[in-house]
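Asker: This structure is in structure tokens; I'll ask about it shortly.
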Amino acid sequence: MAAELHVALVAADREVWSGEATLVVARTTSGDIGVMPGHQPLLGVLESGPVTIRTSDGGTVIVAVHGGFISFADDKLSLLAEVAELSEEIDVQRAERALERAKSVEDASAERRAEVRLRAATAR
């Protein structure tokens with residue numbers, strides 16, 4: 001079993017993060033999943049949620065992901081997201097305002113996106 005896996009997280013408009021990791025945790029339509037080196041091959045649908053990447057050098061990368069797909073085979077993990085933001089790219093005050101707006105107009109999907117962004121930003 002390999003000690004690390006290669007991760008590529010891409011959004012529709014850019015490569016968000018790529019590198020070696022020991023663990024990736026993501027939310028799928030089947031629930032949260034953790035992928036480590038040697039995991040069984042998988043293909044799944046991503047739901048809105050934070051993705052946590054434990055890098056090989058001991059660091060942590062947190063990304064707010066909104067929809068997409070996850071694929072793993074041969075110690076290569078691909079996360080293809082509709083929208084993805086690194087936690088350090090997220091403006092917390094703007095996300096808080098977006099959450100309040102979504103609540104005031106009762107927009108459940110916008111509320112979920114704002115909550116995911118806030119969780120990712122505050123987990124850094």
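Naming works like this for the structure tokens: A, B, ... for the chains as they're shown, residue 1 at the start of each chain, ligands 1 onward in shown order.
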Can you pull out the residues contacting region 87-99 of chain A? Cut-off 8 Å, using only C-alpha atoms, and skip same-chain residues under 6 positions away; I want them as a PyMOL selection string.

Answerer: chain A and resi 61-64+110-111+114-115+117-118+120-124

Asker: Could the residues in this selection be written to a file with N, CA and C atoms, as an mmCIF file, in the first residue's frame?

Answerer:
data_model
loop_
_atom_site.group_PDB
_atom_site.id
_atom_site.type_symbol
_atom_site.label_atom_id
_atom_site.label_comp_id
_atom_site.auth_asym_id
_atom_site.auth_seq_id
_atom_site.Cartn_x
_atom_site.Cartn_y
_atom_site.Cartn_z
ATOM 1 N N VAL A 61 -5.331 21.409 4.057
ATOM 2 C CA VAL A 61 -5.957 22.299 3.079
ATOM 3 C C VAL A 61 -7.458 22.083 3.196
ATOM 4 N N ILE A 62 -8.200 23.184 3.329
ATOM 5 C CA ILE A 62 -9.658 23.088 3.416
ATOM 6 C C ILE A 62 -10.256 23.879 2.257
ATOM 7 N N VAL A 63 -11.197 23.245 1.577
ATOM 8 C CA VAL A 63 -11.803 23.833 0.384
ATOM 9 C C VAL A 63 -13.316 23.741 0.497
ATOM 10 N N ALA A 64 -14.008 24.845 0.240
ATOM 11 C CA ALA A 64 -15.469 24.829 0.151
ATOM 12 C C ALA A 64 -15.819 24.372 -1.258
ATOM 13 N N ALA A 110 -28.899 28.751 -1.373
ATOM 14 C CA ALA A 110 -27.946 29.840 -1.125
ATOM 15 C C ALA A 110 -27.492 29.816 0.332
ATOM 16 N N GLU A 111 -28.408 29.484 1.227
ATOM 17 C CA GLU A 111 -28.069 29.380 2.644
ATOM 18 C C GLU A 111 -27.040 28.273 2.859
ATOM 19 N N ALA A 114 -23.575 29.390 1.586
ATOM 20 C CA ALA A 114 -22.958 30.347 2.506
ATOM 21 C C ALA A 114 -22.456 29.649 3.769
ATOM 22 N N GLU A 115 -23.231 28.702 4.278
ATOM 23 C CA GLU A 115 -22.815 27.962 5.475
ATOM 24 C C GLU A 115 -21.545 27.155 5.206
ATOM 25 N N ARG A 117 -19.229 27.809 2.955
ATOM 26 C CA ARG A 117 -18.130 28.759 2.831
ATOM 27 C C ARG A 117 -17.651 29.215 4.209
ATOM 28 N N LEU A 118 -18.597 29.502 5.110
ATOM 29 C CA LEU A 118 -18.222 29.938 6.464
ATOM 30 C C LEU A 118 -17.514 28.826 7.231
ATOM 31 N N ALA A 120 -15.732 26.367 6.003
ATOM 32 C CA ALA A 120 -14.385 26.200 5.429
ATOM 33 C C ALA A 120 -13.472 27.344 5.858
ATOM 34 N N ALA A 121 -13.993 28.566 5.839
ATOM 35 C CA ALA A 121 -13.167 29.731 6.179
ATOM 36 C C ALA A 121 -12.769 29.745 7.647
ATOM 37 N N THR A 122 -13.650 29.316 8.505
ATOM 38 C CA THR A 122 -13.344 29.370 9.938
ATOM 39 C C THR A 122 -12.571 28.146 10.417
ATOM 40 N N ALA A 123 -12.425 27.145 9.577
ATOM 41 C CA ALA A 123 -11.676 25.954 9.953
ATOM 42 C C ALA A 123 -10.179 26.097 9.684
ATOM 43 N N ARG A 124 -9.776 27.184 9.049
ATOM 44 C CA ARG A 124 -8.368 27.320 8.680
ATOM 45 C C ARG A 124 -7.473 27.522 9.842
#

Asker: Name the residues in contact with region 78-84 of chain A at a cut-off of 8 Å, using only C-alpha atoms, excluding same-chain residues fewer than 3 positions from it; report them as a VMD selection string.

Answerer: chain A and resid 7 to 12 16 46 63 to 72

Asker: Please indicate the distance in Å from CA of Gln40 (chain A) to CA of Lys76 (chain A), rounded to one decimal place.

Answerer: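 Separation between CA of Gln40 (chain A) and CA of Lys76 (chain A): 11.2 Å.
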
Asker: Considering only strand (DSSP E or B) as DSSP defines it on the backbone, what residues of chain A qualify? List them as a count of residues only.

Answerer: 64

Asker: If you count only C-alpha atoms, which residues fall within 8 Å of His6 (chain A), apart from same-chain ones fewer than 6 positions away, as number ranges by chain?

Answerer: A: 18-21, 75-77

Asker: Can you write just those residues out, all heavy atoms, as a PDB file, in the first residue's frame?

Answerer:
ATOM      1  N   SER A  18      -3.447  20.853  -6.088  1.00  0.00           N
ATOM      2  CA  SER A  18      -2.904  19.589  -6.565  1.00  0.00           C
ATOM      3  C   SER A  18      -1.681  19.266  -5.728  1.00  0.00           C
ATOM      4  O   SER A  18      -0.886  20.153  -5.417  1.00  0.00           O
ATOM      5  CB  SER A  18      -2.523  19.714  -8.047  1.00  0.00           C
ATOM      6  OG  SER A  18      -1.989  18.497  -8.514  1.00  0.00           O
ATOM      7  N   GLY A  19      -1.557  18.008  -5.328  1.00  0.00           N
ATOM      8  CA  GLY A  19      -0.395  17.611  -4.558  1.00  0.00           C
ATOM      9  C   GLY A  19      -0.576  16.242  -3.935  1.00  0.00           C
ATOM     10  O   GLY A  19      -1.517  15.517  -4.239  1.00  0.00           O
ATOM     11  N   GLU A  20       0.347  15.910  -3.043  1.00  0.00           N
ATOM     12  CA  GLU A  20       0.333  14.618  -2.374  1.00  0.00           C
ATOM     13  C   GLU A  20      -0.354  14.743  -1.024  1.00  0.00           C
ATOM     14  O   GLU A  20      -0.175  15.731  -0.315  1.00  0.00           O
ATOM     15  CB  GLU A  20       1.761  14.095  -2.200  1.00  0.00           C
ATOM     16  CG  GLU A  20       2.541  14.013  -3.502  1.00  0.00           C
ATOM     17  CD  GLU A  20       1.856  13.167  -4.570  1.00  0.00           C
ATOM     18  OE1 GLU A  20       1.422  12.045  -4.252  1.00  0.00           O
ATOM     19  OE2 GLU A  20       1.737  13.634  -5.715  1.00  0.00           O
ATOM     20  N   ALA A  21      -1.130  13.718  -0.666  1.00  0.00           N
ATOM     21  CA  ALA A  21      -1.881  13.755   0.588  1.00  0.00           C
ATOM     22  C   ALA A  21      -1.917  12.365   1.209  1.00  0.00           C
ATOM     23  O   ALA A  21      -1.656  11.354   0.541  1.00  0.00           O
ATOM     24  CB  ALA A  21      -3.296  14.241   0.333  1.00  0.00           C
ATOM     25  N   ASP A  75      -4.357   5.104  -6.480  1.00  0.00           N
ATOM     26  CA  ASP A  75      -3.829   6.155  -5.602  1.00  0.00           C
ATOM     27  C   ASP A  75      -3.827   7.540  -6.242  1.00  0.00           C
ATOM     28  O   ASP A  75      -2.999   8.396  -5.930  1.00  0.00           O
ATOM     29  CB  ASP A  75      -2.443   5.780  -5.062  1.00  0.00           C
ATOM     30  CG  ASP A  75      -2.550   4.696  -4.001  1.00  0.00           C
ATOM     31  OD1 ASP A  75      -3.497   4.759  -3.188  1.00  0.00           O
ATOM     32  OD2 ASP A  75      -1.705   3.790  -3.982  1.00  0.00           O
ATOM     33  N   LYS A  76      -4.794   7.771  -7.142  1.00  0.00           N
ATOM     34  CA  LYS A  76      -5.015   9.089  -7.742  1.00  0.00           C
ATOM     35  C   LYS A  76      -6.449   9.492  -7.464  1.00  0.00           C
ATOM     36  O   LYS A  76      -7.380   8.803  -7.870  1.00  0.00           O
ATOM     37  CB  LYS A  76      -4.740   9.058  -9.239  1.00  0.00           C
ATOM     38  CG  LYS A  76      -3.284   8.834  -9.576  1.00  0.00           C
ATOM     39  CD  LYS A  76      -3.067   8.831 -11.070  1.00  0.00           C
ATOM     40  CE  LYS A  76      -1.617   8.630 -11.425  1.00  0.00           C
ATOM     41  NZ  LYS A  76      -1.128   7.288 -11.223  1.00  0.00           N
ATOM     42  N   LEU A  77      -6.607  10.603  -6.765  1.00  0.00           N
ATOM     43  CA  LEU A  77      -7.933  11.105  -6.404  1.00  0.00           C
ATOM     44  C   LEU A  77      -8.216  12.369  -7.195  1.00  0.00           C
ATOM     45  O   LEU A  77      -7.417  13.317  -7.164  1.00  0.00           O
ATOM     46  CB  LEU A  77      -7.999  11.405  -4.906  1.00  0.00           C
ATOM     47  CG  LEU A  77      -9.330  11.949  -4.396  1.00  0.00           C
ATOM     48  CD1 LEU A  77     -10.411  10.884  -4.486  1.00  0.00           C
ATOM     49  CD2 LEU A  77      -9.196  12.435  -2.964  1.00  0.00           C
TER      50      LEU A  77
END

Asker: Please return, as number ranges by chain, all residues of region 9-122 of chain A that DSSP assigns to alpha helix (DSSP H) on the basis of the backbone.

Answerer: A: 92-104, 108-122
